[in-house]
$ cat coords_19.cif   # mmCIF, C-alpha atoms
data_target
#
loop_
_atom_site.label_atom_id
_atom_site.label_comp_id
_atom_site.auth_asym_id
_atom_site.auth_seq_id
_atom_site.Cartn_x
_atom_site.Cartn_y
_atom_site.Cartn_z
CA MET A 25 96.55 9.87 23.85
CA LYS A 26 96.35 12.13 23.51
CA ARG A 27 96.13 16.53 24.67
CA ARG A 28 95.60 19.85 23.05
CA ASP A 29 94.24 24.60 23.42
CA PHE A 30 90.90 25.90 22.81
CA LEU A 31 88.91 27.43 20.05
CA THR A 32 85.14 27.23 20.52
CA MET A 33 82.73 27.50 17.65
CA SER A 34 78.97 27.24 17.47
CA ALA A 35 77.67 23.92 18.76
CA GLY A 36 74.24 24.23 17.15
CA LEU A 37 72.91 21.18 15.37
CA ALA A 38 70.99 21.59 12.12
CA LEU A 39 70.25 18.33 10.32
CA LEU A 40 68.55 18.72 6.98
CA ALA A 41 66.51 16.25 4.97
CA GLY A 42 67.82 13.78 2.44
CA CYS A 43 68.86 10.59 4.25
CA ALA A 44 70.71 7.89 2.37
CA PRO A 45 70.08 4.16 2.74
CA GLY A 46 70.68 3.13 6.34
CA SER A 47 70.51 6.69 7.60
CA GLY A 48 67.14 6.69 9.27
CA GLN A 49 67.72 4.31 12.13
CA SER A 50 68.56 6.93 14.77
CA THR A 51 65.92 8.06 17.23
CA SER A 52 65.77 10.97 19.64
CA THR A 53 67.32 8.74 22.29
CA GLY A 54 70.15 7.58 20.07
CA SER A 55 71.01 4.14 18.74
CA ALA A 56 74.04 1.90 18.97
CA THR A 57 72.97 -0.10 15.92
CA ALA A 58 75.02 0.22 12.77
CA PRO A 59 73.14 0.54 9.48
CA SER A 60 72.56 -2.78 7.74
CA ALA A 61 72.88 -1.09 4.35
CA VAL A 62 75.21 1.82 3.77
CA SER A 63 75.89 4.33 1.01
CA THR A 64 79.49 5.27 0.23
CA ASP A 65 78.67 7.95 -2.34
CA PRO A 66 78.45 11.30 -0.50
CA ALA A 67 77.18 13.00 -3.66
CA LYS A 68 73.94 11.00 -3.38
CA ILE A 69 73.26 11.85 0.26
CA GLY A 70 71.66 15.19 -0.40
CA ARG A 71 71.76 18.29 1.79
CA ALA A 72 73.00 17.59 5.30
CA THR A 73 74.84 19.28 8.13
CA LEU A 74 77.29 17.46 10.37
CA THR A 75 78.42 18.89 13.69
CA VAL A 76 81.94 17.69 14.45
CA TRP A 77 83.58 17.98 17.87
CA ASP A 78 87.37 17.63 17.93
CA GLN A 79 90.37 18.53 20.04
CA GLU A 80 92.82 19.36 17.24
CA VAL A 81 93.43 22.88 18.48
CA ARG A 82 97.22 23.13 18.26
CA GLY A 83 98.99 24.33 15.15
CA GLY A 84 99.64 21.09 13.29
CA GLY A 85 96.42 19.34 14.26
CA ASN A 86 94.28 22.38 13.56
CA SER A 87 95.99 22.95 10.22
CA GLU A 88 95.48 19.44 8.87
CA LEU A 89 91.84 19.18 9.96
CA THR A 90 91.02 22.65 8.63
CA LYS A 91 92.44 21.71 5.23
CA LEU A 92 90.67 18.36 5.14
CA ILE A 93 87.31 19.86 6.08
CA ALA A 94 87.73 22.43 3.32
CA SER A 95 88.56 19.76 0.74
CA PHE A 96 85.60 17.62 1.85
CA GLN A 97 83.17 20.53 1.54
CA LYS A 98 84.61 21.46 -1.86
CA ALA A 99 84.07 17.90 -3.07
CA TYR A 100 80.61 17.60 -1.49
CA PRO A 101 79.11 21.08 -1.20
CA ASP A 102 75.71 19.77 -0.08
CA ILE A 103 77.24 18.49 3.18
CA THR A 104 78.08 21.29 5.60
CA ILE A 105 80.54 20.73 8.43
CA LYS A 106 80.04 22.70 11.64
CA ARG A 107 83.21 22.30 13.63
CA VAL A 108 83.51 22.69 17.42
CA SER A 109 87.11 22.57 18.62
CA ARG A 110 87.96 22.20 22.29
CA SER A 111 91.10 21.47 24.24
CA PHE A 112 91.60 17.87 25.29
CA ASP A 113 90.61 18.65 28.88
CA ASP A 114 87.55 20.69 27.89
CA LEU A 115 86.39 18.06 25.43
CA THR A 116 86.72 15.38 28.10
CA LYS A 117 84.66 17.44 30.56
CA THR A 118 81.83 18.36 28.19
CA LEU A 119 81.45 15.43 25.82
CA ARG A 120 79.49 13.05 28.02
CA LEU A 121 76.83 15.66 28.80
CA ALA A 122 76.61 16.69 25.15
CA LEU A 123 76.04 13.12 23.99
CA SER A 124 73.17 12.63 26.43
CA GLY A 125 71.39 15.79 25.27
CA ASN A 126 69.00 16.44 22.41
CA ASP A 127 71.55 18.43 20.39
CA ALA A 128 74.33 15.86 20.42
CA PRO A 129 77.08 16.28 17.82
CA ASP A 130 77.27 13.85 14.90
CA VAL A 131 80.99 13.08 14.78
CA ILE A 132 83.28 13.24 17.80
CA GLN A 133 86.83 12.56 18.82
CA ALA A 134 86.62 10.28 21.85
CA ASN A 135 89.54 9.23 24.00
CA ASN A 136 90.12 5.48 23.55
CA THR A 137 90.15 4.97 27.31
CA ARG A 138 87.45 2.98 29.12
CA SER A 139 86.41 6.14 30.96
CA GLN A 140 85.51 7.80 27.64
CA MET A 141 85.00 5.55 24.63
CA GLY A 142 84.26 2.51 26.79
CA GLU A 143 81.54 4.35 28.66
CA PHE A 144 80.12 5.72 25.40
CA VAL A 145 79.94 2.19 23.98
CA LYS A 146 78.19 0.96 27.12
CA ALA A 147 75.71 3.85 27.07
CA LYS A 148 75.10 3.38 23.31
CA TYR A 149 76.22 6.95 22.62
CA ILE A 150 78.33 5.86 19.62
CA ILE A 151 77.62 3.31 16.89
CA PRO A 152 79.62 0.29 15.65
CA LEU A 153 81.57 0.99 12.48
CA ASP A 154 82.17 -2.55 11.19
CA SER A 155 79.74 -2.16 8.26
CA TYR A 156 81.53 1.02 7.18
CA ALA A 157 84.94 -0.60 7.71
CA THR A 158 83.91 -3.27 5.23
CA ALA A 159 82.38 -0.84 2.75
CA TYR A 160 85.34 1.55 2.78
CA LYS A 161 87.96 -1.22 3.20
CA TRP A 162 89.34 0.35 6.37
CA ASN A 163 90.40 -3.10 7.55
CA ASP A 164 92.81 -3.29 4.60
CA ARG A 165 94.46 0.02 5.49
CA TYR A 166 94.48 -0.19 9.28
CA SER A 167 96.31 -3.10 10.86
CA GLU A 168 94.61 -5.22 13.48
CA SER A 169 96.81 -3.74 16.20
CA LEU A 170 95.76 -0.21 15.23
CA ARG A 171 92.08 -1.13 15.03
CA ALA A 172 92.38 -2.74 18.45
CA THR A 173 92.96 0.65 20.06
CA ALA A 174 89.39 1.66 19.18
CA SER A 175 87.70 -1.72 19.49
CA TYR A 176 85.40 -2.92 22.26
CA SER A 177 82.91 -5.67 22.84
CA THR A 178 79.39 -4.28 22.53
CA ASP A 179 78.97 -4.45 26.33
CA ALA A 180 82.32 -2.60 26.71
CA LYS A 181 83.73 -5.27 29.03
CA THR A 182 86.51 -6.19 26.62
CA PHE A 183 88.89 -3.55 25.29
CA GLY A 184 91.32 -4.18 22.44
CA SER A 185 89.19 -6.53 20.38
CA GLY A 186 85.63 -6.95 19.15
CA THR A 187 83.77 -4.20 17.30
CA LEU A 188 85.34 -1.10 15.75
CA TYR A 189 83.98 2.16 17.18
CA GLY A 190 86.39 4.79 15.88
CA LEU A 191 89.10 5.60 13.36
CA PRO A 192 92.18 7.71 14.13
CA GLN A 193 94.14 10.00 11.86
CA MET A 194 97.53 10.09 13.48
CA GLY A 195 99.99 7.89 15.25
CA GLU A 196 101.38 8.82 18.63
CA VAL A 197 104.47 7.85 20.49
CA VAL A 198 105.72 9.36 23.74
CA ALA A 199 109.45 9.90 23.62
CA ILE A 200 112.08 12.58 24.27
CA TYR A 201 112.42 16.00 22.65
CA THR A 202 115.88 17.57 22.88
CA ASN A 203 117.18 21.11 22.75
CA LYS A 204 120.09 20.50 20.40
CA SER A 205 121.98 23.72 21.13
CA LYS A 206 121.91 23.01 24.87
CA LEU A 207 123.16 19.47 24.33
CA SER A 208 126.01 20.89 22.27
CA SER A 209 126.93 23.56 24.82
CA LEU A 210 126.89 20.94 27.60
CA GLY A 211 129.01 18.55 25.57
CA ILE A 212 126.31 15.88 25.62
CA LYS A 213 125.92 13.47 22.73
CA SER A 214 122.48 12.11 21.94
CA PRO A 215 122.19 9.23 24.43
CA SER A 216 122.04 5.71 22.99
CA THR A 217 121.49 3.90 26.30
CA TRP A 218 119.34 4.57 29.37
CA GLU A 219 122.49 4.97 31.46
CA GLU A 220 123.74 7.67 29.10
CA PHE A 221 120.38 9.43 29.29
CA GLU A 222 120.47 9.54 33.08
CA ALA A 223 124.06 10.76 32.95
CA ALA A 224 122.88 13.56 30.63
CA LEU A 225 120.19 14.54 33.14
CA ALA A 226 122.79 14.73 35.89
CA ARG A 227 125.13 16.78 33.68
CA ALA A 228 122.37 19.23 32.84
CA LYS A 229 121.44 19.65 36.51
CA SER A 230 125.03 20.23 37.62
CA SER A 231 125.37 22.86 34.89
CA GLY A 232 122.43 24.86 36.20
CA GLU A 233 119.97 23.78 33.51
CA VAL A 234 116.48 22.31 33.93
CA PRO A 235 117.09 18.71 32.83
CA LEU A 236 113.44 17.81 32.13
CA ALA A 237 110.74 20.35 31.28
CA PHE A 238 107.58 19.16 33.04
CA GLY A 239 104.20 20.58 34.01
CA ASN A 240 101.79 18.36 35.92
CA LEU A 241 98.96 20.66 36.98
CA ASP A 242 96.66 18.70 34.65
CA LYS A 243 97.79 15.40 36.30
CA TRP A 244 97.79 13.32 33.10
CA PRO A 245 101.29 14.43 31.96
CA ALA A 246 102.84 12.38 34.78
CA ILE A 247 101.10 9.30 33.39
CA HIS A 248 103.06 9.69 30.16
CA ILE A 249 106.39 9.94 31.96
CA LEU A 250 105.50 6.88 34.01
CA GLY A 251 104.77 5.05 30.75
CA VAL A 252 108.30 5.79 29.53
CA LEU A 253 109.73 4.56 32.82
CA GLN A 254 107.53 1.49 32.78
CA GLY A 255 108.94 0.67 29.34
CA GLN A 256 112.37 0.47 30.95
CA TYR A 257 111.53 -1.68 33.93
CA GLU A 258 108.33 -3.70 33.38
CA GLN A 259 107.74 -6.64 31.04
CA PRO A 260 105.94 -5.50 27.86
CA ALA A 261 103.25 -8.20 28.10
CA ALA A 262 102.41 -7.16 31.65
CA ALA A 263 102.37 -3.46 30.71
CA ARG A 264 99.86 -4.21 27.94
CA LYS A 265 97.59 -6.13 30.29
CA LEU A 266 97.65 -3.21 32.71
CA GLY A 267 96.91 -0.69 29.95
CA TYR A 268 94.02 -2.60 28.42
CA GLY A 269 92.55 -3.54 31.79
CA ASP A 270 93.07 -7.28 31.30
CA ALA A 271 93.49 -9.52 34.31
CA GLY A 272 96.79 -11.23 34.98
CA ALA A 273 99.20 -8.39 35.81
CA SER A 274 99.93 -6.35 38.92
CA TRP A 275 100.90 -2.80 39.72
CA THR A 276 102.87 -4.06 42.72
CA SER A 277 105.33 -6.01 40.54
CA GLU A 278 109.06 -5.40 40.85
CA GLY A 279 109.17 -3.67 37.46
CA ASN A 280 106.42 -1.20 38.30
CA ARG A 281 107.91 -0.48 41.70
CA LYS A 282 111.25 0.29 40.00
CA ALA A 283 109.49 2.68 37.61
CA LEU A 284 107.72 4.49 40.46
CA THR A 285 110.94 4.61 42.46
CA LYS A 286 112.83 6.17 39.56
CA PHE A 287 110.09 8.76 39.05
CA GLN A 288 110.30 9.85 42.68
CA GLU A 289 114.10 9.76 42.53
CA TRP A 290 114.10 12.25 39.65
CA VAL A 291 112.12 14.63 41.85
CA THR A 292 114.62 14.25 44.68
CA LYS A 293 117.49 14.99 42.30
CA GLY A 294 115.75 18.14 41.04
CA TYR A 295 115.50 17.04 37.43
CA PHE A 296 112.08 18.60 36.75
CA THR A 297 110.94 22.17 36.24
CA PRO A 298 110.63 23.83 39.69
CA GLY A 299 107.01 23.91 40.84
CA PHE A 300 106.00 21.34 38.22
CA ASN A 301 102.81 20.25 40.03
CA GLY A 302 101.50 23.82 39.77
CA LEU A 303 102.54 24.30 36.14
CA GLY A 304 100.22 23.46 33.25
CA TYR A 305 101.18 21.14 30.41
CA ASP A 306 101.09 23.81 27.70
CA PRO A 307 103.11 26.39 29.66
CA ALA A 308 105.72 23.69 30.35
CA TRP A 309 106.35 22.76 26.73
CA GLN A 310 106.18 26.43 25.74
CA GLN A 311 108.92 27.15 28.29
CA PHE A 312 110.94 24.32 26.77
CA SER A 313 110.52 25.85 23.32
CA LYS A 314 111.97 29.10 24.70
CA GLY A 315 115.05 27.43 26.17
CA LYS A 316 113.97 26.35 29.66
CA GLY A 317 114.85 22.68 29.67
CA VAL A 318 117.29 20.33 27.97
CA PHE A 319 114.84 17.46 27.49
CA LEU A 320 111.06 17.16 27.28
CA ILE A 321 109.22 13.84 27.59
CA ALA A 322 106.06 14.26 25.54
CA GLY A 323 104.15 12.94 22.57
CA THR A 324 104.50 13.43 18.85
CA TRP A 325 101.46 15.75 18.83
CA LEU A 326 103.73 18.63 19.94
CA ALA A 327 106.06 18.32 16.95
CA ALA A 328 104.48 20.93 14.68
CA ASP A 329 104.33 23.57 17.41
CA LEU A 330 107.87 22.88 18.61
CA THR A 331 109.20 23.08 15.06
CA THR A 332 107.47 26.42 14.58
CA ALA A 333 108.99 27.75 17.79
CA MET A 334 112.45 26.15 17.69
CA LYS A 335 113.10 25.55 13.97
CA ASP A 336 115.95 23.05 13.58
CA ASN A 337 117.02 23.37 17.23
CA VAL A 338 114.62 20.64 18.37
CA GLY A 339 115.35 16.93 18.12
CA PHE A 340 113.41 13.77 18.92
CA ILE A 341 114.68 10.40 20.17
CA LEU A 342 113.06 7.26 21.47
CA PRO A 343 113.72 6.50 25.15
CA PRO A 344 117.11 4.80 24.97
CA PRO A 345 117.12 1.07 25.75
CA ALA A 346 119.20 -0.52 28.50
CA LYS A 347 121.74 -1.65 25.91
CA ALA A 348 122.65 0.17 22.72
CA GLY A 349 120.80 -1.29 19.77
CA GLY A 350 118.08 -2.82 21.95
CA VAL A 351 114.34 -2.33 21.62
CA SER A 352 112.85 0.87 23.04
CA TYR A 353 109.47 0.21 24.64
CA THR A 354 107.33 3.25 25.27
CA THR A 355 103.77 4.54 25.46
CA GLY A 356 102.10 5.09 22.14
CA ALA A 357 99.19 4.22 19.93
CA THR A 358 96.96 6.54 17.93
CA SER A 359 95.46 9.97 18.19
CA LEU A 360 91.90 10.17 19.49
CA PRO A 361 89.65 8.25 17.07
CA PHE A 362 86.72 9.85 15.30
CA ALA A 363 83.40 8.16 16.08
CA ILE A 364 79.78 8.52 14.96
CA THR A 365 77.22 9.26 17.64
CA GLY A 366 74.03 7.30 18.16
CA LYS A 367 71.95 10.44 17.58
CA CYS A 368 73.52 11.23 14.22
CA LYS A 369 70.64 11.38 11.72
CA ASN A 370 72.90 10.82 8.74
CA PRO A 371 75.59 8.28 9.64
CA ASP A 372 76.38 7.68 5.96
CA ALA A 373 77.46 11.32 5.66
CA ALA A 374 79.40 11.03 8.92
CA ALA A 375 81.19 7.89 7.72
CA ALA A 376 82.03 9.58 4.42
CA PHE A 377 83.59 12.45 6.36
CA ILE A 378 85.63 10.08 8.54
CA ASN A 379 86.75 8.20 5.44
CA HIS A 380 87.84 11.48 3.84
CA ILE A 381 89.97 12.62 6.78
CA THR A 382 91.67 9.21 7.08
CA SER A 383 92.23 8.49 3.38
CA SER A 384 95.57 8.11 1.61
CA GLU A 385 95.26 11.71 0.43
CA ALA A 386 94.55 12.77 4.00
CA MET A 387 97.73 11.05 5.17
CA LYS A 388 99.70 13.28 2.78
CA VAL A 389 98.07 16.40 4.25
CA ILE A 390 98.72 15.13 7.77
CA ALA A 391 102.41 14.65 6.95
CA GLU A 392 102.72 17.99 5.15
CA THR A 393 101.39 19.84 8.21
CA GLY A 394 104.00 18.30 10.49
CA ASN A 395 101.89 15.53 11.97
CA LEU A 396 102.48 11.78 12.13
CA PRO A 397 100.22 9.76 9.79
CA VAL A 398 98.86 6.69 11.54
CA VAL A 399 99.13 4.61 8.35
CA GLU A 400 101.34 4.84 5.26
CA SER A 401 103.88 6.98 7.11
CA ASP A 402 106.66 5.26 5.16
CA LYS A 403 105.13 6.60 1.92
CA GLN A 404 105.19 10.23 3.02
CA LYS A 405 107.86 12.84 2.52
CA ALA A 406 108.67 14.40 5.86
CA PRO A 407 108.41 18.21 5.65
CA ASP A 408 111.35 18.80 7.99
CA ALA A 409 114.09 17.07 9.97
CA LEU A 410 111.99 16.67 13.12
CA SER A 411 109.12 15.05 11.21
CA LYS A 412 111.59 12.60 9.68
CA GLN A 413 112.72 11.64 13.18
CA LEU A 414 109.09 11.17 14.25
CA PHE A 415 108.22 9.05 11.22
CA ASP A 416 111.29 6.88 11.84
CA ALA A 417 110.53 6.55 15.56
CA PHE A 418 106.93 5.51 14.99
CA GLY A 419 107.94 3.11 12.24
CA THR A 420 110.60 1.56 14.47
CA THR A 421 108.33 1.06 17.45
CA THR A 422 105.49 -0.39 15.39
CA LYS A 423 107.88 -2.67 13.50
CA ASN A 424 109.33 -3.90 16.81
CA ASP A 425 105.87 -4.24 18.40
CA ALA A 426 107.20 -1.90 21.08
CA LEU A 427 104.24 0.43 21.62
CA LEU A 428 102.62 0.13 25.04
CA PRO A 429 99.04 1.35 25.66
CA TYR A 430 98.26 4.49 27.60
CA LEU A 431 97.98 3.53 31.25
CA ASP A 432 94.78 5.50 31.85
CA TRP A 433 92.94 3.28 29.35
CA ALA A 434 92.75 0.46 31.88
CA THR A 435 89.57 1.20 33.86
CA PRO A 436 86.80 3.81 33.83
CA THR A 437 88.38 5.49 36.86
CA MET A 438 92.07 4.89 36.17
CA SER A 439 92.77 8.35 34.76
CA ASP A 440 91.68 10.05 37.99
CA THR A 441 93.22 7.38 40.22
CA LEU A 442 96.58 7.36 38.48
CA GLY A 443 96.79 11.14 38.11
CA ALA A 444 96.10 11.77 41.79
CA ALA A 445 98.34 8.93 42.95
CA LEU A 446 101.29 10.21 40.95
CA GLN A 447 100.87 13.74 42.27
CA ASP A 448 101.02 12.31 45.78
CA LEU A 449 104.07 10.24 44.85
CA LEU A 450 105.92 13.20 43.35
CA THR A 451 105.19 15.44 46.34
CA LYS A 452 106.16 12.55 48.62
CA ARG A 453 102.80 12.49 50.34
CA ALA A 454 102.77 8.81 49.43
CA SER A 455 105.53 6.20 49.28
CA VAL A 456 106.25 3.97 46.31
CA ASP A 457 104.49 1.04 48.01
CA GLU A 458 101.45 3.15 48.90
CA THR A 459 101.23 4.46 45.35
CA ALA A 460 101.49 0.99 43.82
CA GLN A 461 98.77 -0.29 46.17
CA THR A 462 96.46 2.62 45.34
CA ILE A 463 96.76 2.00 41.60
CA GLN A 464 96.52 -1.76 42.06
CA LYS A 465 93.24 -1.42 43.95
CA ASP A 466 91.61 0.40 41.02
CA TYR A 467 92.97 -2.13 38.52
CA GLY A 468 92.22 -5.13 40.76
CA ASP A 469 88.68 -4.06 41.59
CA PHE A 470 87.90 -3.68 37.88
CA THR A 471 89.53 -6.89 36.63
CA SER A 472 87.99 -9.03 39.39
CA LYS A 473 84.42 -8.21 38.28
#
$ encode --input "coords_19.cif" --output "structure tokens"
Amino acid sequence: MKRRDFLTMSAGLALLAGCAPGSGQSTSTGSATAPSAVSTDPAKIGRATLTVWDQEVRGGGNSELTKLIASFQKAYPDITIKRVSRSFDDLTKTLRLALSGNDAPDVIQANNTRSQMGEFVKAKYIIPLDSYATAYKWNDRYSESLRATASYSTDAKTFGSGTLYGLPQMGEVVAIYTNKSKLSSLGIKSPSTWEEFEAALARAKSSGEVPLAFGNLDKWPAIHILGVLQGQYEQPAAARKLGYGDAGASWTSEGNRKALTKFQEWVTKGYFTPGFNGLGYDPAWQQFSKGKGVFLIAGTWLAADLTTAMKDNVGFILPPPAKAGGVSYTTGATSLPFAITGKCKNPDAAAAFINHITSSEAMKVIAETGNLPVVESDKQKAPDALSKQLFDAFGTTTKNDALLPYLDWATPTMSDTLGAALQDLLTKRASVDETAQTIQKDYGDFTSK
């Protein structure tokens, strides 16, 4: 998941009196114990302040969360929200230290990956949410497969099942944005097969265009492109085992080697933005929005910003399958879930806030601001043509059980291992076999424990 720019607000923590039932279990060292009795009436909580750390800094994400915070505070004026927004990278770098300190935030967005949420579960930095899921009937609204993306065993050894630790707002799917005017000028129809897509890349290159806008300075963007390629060449069951860190799959399989080979081949053919390993993710998609690039492989979280910049000139398609009409497997899941920290002195207030920003009414706001609601997307009216394409794409992939987990979820160190290995692959400092072995070692060492 998900991957966003930076607005910093005050991170001070000011918790006031007035705890509701179940709210007093936290200590100065934090607690991973969920309240045995919970209150779901925020009006009875009393005066409280919640510090919320999020990474919804881009246009669409910032807009929806700003509106939902305002509506929550209007409905419950005694509960004050202090918001701290950071880019995805900055949040990742600072969150662990913040959670171990005395002024830890109350509600956070935590990356589902083992290196973030998994480590927070293990360290008891965040609390189980099963009692709140029952009280608020989250299990009725969120399917088991969606809940799995934020579920761990209490010892964090198992990912994808067990106890719920977070709740997301938005769905995510990594697919292909298109510059429609460039496709038209090049005489390229929207590809319906993988072969047609590769032919379109070749046509764009021969015409002097940048076929694929790409910036990999941050390292993680390459992981998303590899996920799209893996969806073409690896068996879905094996890809899921690799993503969730379950034993029984291998990075040295024929399918994964084909995906890595194709990735390196695209570099050789000059399909990416020149100097991509020195170009940041945001500058790359911003260049695409200004006409530098025919295609952009990225997630649905960019939709609102690309619509603002490109109007109706931007399109969105799932990675085409091998055969027209086939199933398109690709990386996707949910946006970063919101979790309650172990040091939160009023978890009932925190749960009420999370319930508010993930409610049916919230899904309408999320859709209206150009984002992809994680549930009830079929009930929403898309605000523009691109959003309609996103809603349809997410609905299709979830209906076909075609979403594959983010590859950096697999182990606590996989994000760093995979990011560095792919940079070496793309600069040809490492061969396909060497890259596969490097990634396999991280995965194998973890799953053999």
$ closest_atom_pairs --input "coords_19.cif" --of "segment 341-388 of chain A" --to "segment 222-238 of chain A" --cutoff "12 Å" --atoms "all atoms listed in the file" --output "JSON lines"
{"residue": "A:Pro343", "atom": "CA", "partner": "A:Glu222", "partner_atom": "CA", "distance": 10.8}
{"residue": "A:Pro344", "atom": "CA", "partner": "A:Glu222", "partner_atom": "CA", "distance": 10.0}
{"residue": "A:Pro345", "atom": "CA", "partner": "A:Glu222", "partner_atom": "CA", "distance": 11.7}
{"residue": "A:Ala346", "atom": "CA", "partner": "A:Glu222", "partner_atom": "CA", "distance": 11.1}
$ write_last_selection --input "coords_19.cif" --atoms "C-alpha atoms" --output "short mmCIF file (atom, residue, chain, number, x, y, z; two decimals), keeping the file's coordinate frame"
data_model
loop_
_atom_site.label_atom_id
_atom_site.label_comp_id
_atom_site.auth_asym_id
_atom_site.auth_seq_id
_atom_site.Cartn_x
_atom_site.Cartn_y
_atom_site.Cartn_z
CA PRO A 343 113.72 6.50 25.15
CA PRO A 344 117.11 4.80 24.97
CA PRO A 345 117.12 1.07 25.75
CA ALA A 346 119.20 -0.52 28.50
#
$ resolve_selection --input "coords_19.cif" --expression "the PyMOL selection byres ((chain A and resi 388-403) around 8)" --output "number ranges by chain"
A: 84-85, 87-88, 91-92, 165-166, 192-196, 324-325, 327-328, 358, 384-387, 404-408, 411, 414-415, 419
$ resolve_selection --input "coords_19.cif" --expression "the PyMOL selection byres ((chain A and resi 302) around 10)" --output "VMD selection string"
chain A and resid 239 to 243 298 to 301 303 to 305
$ write_last_selection --input "coords_19.cif" --atoms "C-alpha atoms" --output "compact mmCIF listing (two decimals), keeping the file's coordinate frame"
# COMPACT_ATOMS: atom_id res chain seq x y z
CA GLY A 239 104.20 20.58 34.01
CA ASN A 240 101.79 18.36 35.92
CA LEU A 241 98.96 20.66 36.98
CA ASP A 242 96.66 18.70 34.65
CA LYS A 243 97.79 15.40 36.30
CA PRO A 298 110.63 23.83 39.69
CA GLY A 299 107.01 23.91 40.84
CA PHE A 300 106.00 21.34 38.22
CA ASN A 301 102.81 20.25 40.03
CA LEU A 303 102.54 24.30 36.14
CA GLY A 304 100.22 23.46 33.25
CA TYR A 305 101.18 21.14 30.41
$ closest_residue --input "coords_19.cif" --among "A:Arg453, A:Lys146, A:Arg138, A:Lys286" --to "Gly366 of chain A" --atoms "all atoms listed in the file"
A:Lys146
$ closest_residue --input "coords_19.cif" --among "A:Pro371, A:Gly251, A:Gly443, A:Pro307" --to "Val197 of chain A" --atoms "all atoms listed in the file"
A:Gly251
$ atom_distance --input "coords_19.cif" --atom1 "atom CA of Ile93 of chain A" --atom2 "atom CA of His380 of chain A"
8.7 Å
$ atom_distance --input "coords_19.cif" --atom1 "atom CA of Ser313 of chain A" --atom2 "atom CA of Met334 of chain A"
6.0 Å
$ resolve_selection --input "coords_19.cif" --expression "the PyMOL selection byres ((chain A and resi 255) around 9)" --output "VMD selection string"
chain A and resid 250 to 254 256 to 260 263 283 343 345 352 to 355 426 428
$ residues_around --input "coords_19.cif" --residues "Ala147 of chain A" --least-positions-apart "3" --cutoff "9 Å" --atoms "all atoms listed in the file" --output "PyMOL selection string"
chain A and resi 56+142-144+150+179
$ closest_residue --input "coords_19.cif" --among "A:Ala417, A:Met141, A:Ala454, A:Ala159" --to "Pro436 of chain A" --atoms "all atoms listed in the file"
A:Met141
$ closest_residue --input "coords_19.cif" --among "A:Ala273, A:Ala157, A:Val318, A:Ala261" --to "Tyr295 of chain A" --atoms "all atoms listed in the file"
A:Val318
$ closest_residue --input "coords_19.cif" --among "A:Lys412, A:Phe183, A:Lys282, A:Asn203" --to "Lys316 of chain A" --atoms "all atoms listed in the file"
A:Asn203
$ atom_distance --input "coords_19.cif" --atom1 "atom CA of Pro429 of chain A" --atom2 "atom CA of Ile151 of chain A"
23.2 Å
$ closest_residue --input "coords_19.cif" --among "A:Val145, A:Ile381, A:Val291, A:Ala322" --to "Lys452 of chain A" --atoms "all atoms listed in the file"
A:Val291
$ residues_around --input "coords_19.cif" --residues "Asn136 of chain A" --least-positions-apart "6" --cutoff "8 Å" --atoms "all atoms listed in the file" --output "MDAnalysis selection string"
chainID A and resid 25 142 173:174 360:361 433
$ write_last_selection --input "coords_19.cif" --atoms "C-alpha atoms" --output "JSON list (two decimals), in the coordinates of the input"
[["chain", "number", "residue", "atom", "x", "y", "z"],
["A", 25, "MET", "CA", 96.55, 9.87, 23.85],
["A", 142, "GLY", "CA", 84.26, 2.51, 26.79],
["A", 173, "THR", "CA", 92.96, 0.65, 20.06],
["A", 174, "ALA", "CA", 89.39, 1.66, 19.18],
["A", 360, "LEU", "CA", 91.90, 10.17, 19.49],
["A", 361, "PRO", "CA", 89.65, 8.25, 17.07],
["A", 433, "TRP", "CA", 92.94, 3.28, 29.35]]
$ decode --input "coords_19.cif" --residues "segment 329-336 of chain A" --atoms "N, CA and C atoms" --output "PDB file, in the first residue's frame"
ATOM      1  N   ASP A 329      -5.416  13.227  -7.819  1.00  0.00           N
ATOM      2  CA  ASP A 329      -4.427  14.209  -8.266  1.00  0.00           C
ATOM      3  C   ASP A 329      -4.265  14.199  -9.777  1.00  0.00           C
ATOM      4  N   LEU A 330      -4.306  13.015 -10.385  1.00  0.00           N
ATOM      5  CA  LEU A 330      -4.163  12.939 -11.837  1.00  0.00           C
ATOM      6  C   LEU A 330      -5.385  13.518 -12.540  1.00  0.00           C
ATOM      7  N   THR A 331      -6.553  13.339 -11.967  1.00  0.00           N
ATOM      8  CA  THR A 331      -7.757  13.932 -12.547  1.00  0.00           C
ATOM      9  C   THR A 331      -7.686  15.455 -12.486  1.00  0.00           C
ATOM     10  N   THR A 332      -7.217  15.970 -11.352  1.00  0.00           N
ATOM     11  CA  THR A 332      -7.066  17.423 -11.211  1.00  0.00           C
ATOM     12  C   THR A 332      -6.113  17.979 -12.264  1.00  0.00           C
ATOM     13  N   ALA A 333      -5.029  17.268 -12.506  1.00  0.00           N
ATOM     14  CA  ALA A 333      -4.004  17.743 -13.427  1.00  0.00           C
ATOM     15  C   ALA A 333      -4.346  17.496 -14.891  1.00  0.00           C
ATOM     16  N   MET A 334      -5.000  16.359 -15.183  1.00  0.00           N
ATOM     17  CA  MET A 334      -5.181  15.941 -16.576  1.00  0.00           C
ATOM     18  C   MET A 334      -6.628  15.985 -17.056  1.00  0.00           C
ATOM     19  N   LYS A 335      -7.562  16.250 -16.137  1.00  0.00           N
ATOM     20  CA  LYS A 335      -8.992  16.270 -16.480  1.00  0.00           C
ATOM     21  C   LYS A 335      -9.392  14.933 -17.102  1.00  0.00           C
ATOM     22  N   ASP A 336     -10.060  14.980 -18.268  1.00  0.00           N
ATOM     23  CA  ASP A 336     -10.538  13.734 -18.870  1.00  0.00           C
ATOM     24  C   ASP A 336      -9.509  13.102 -19.805  1.00  0.00           C
TER      25      ASP A 336
END
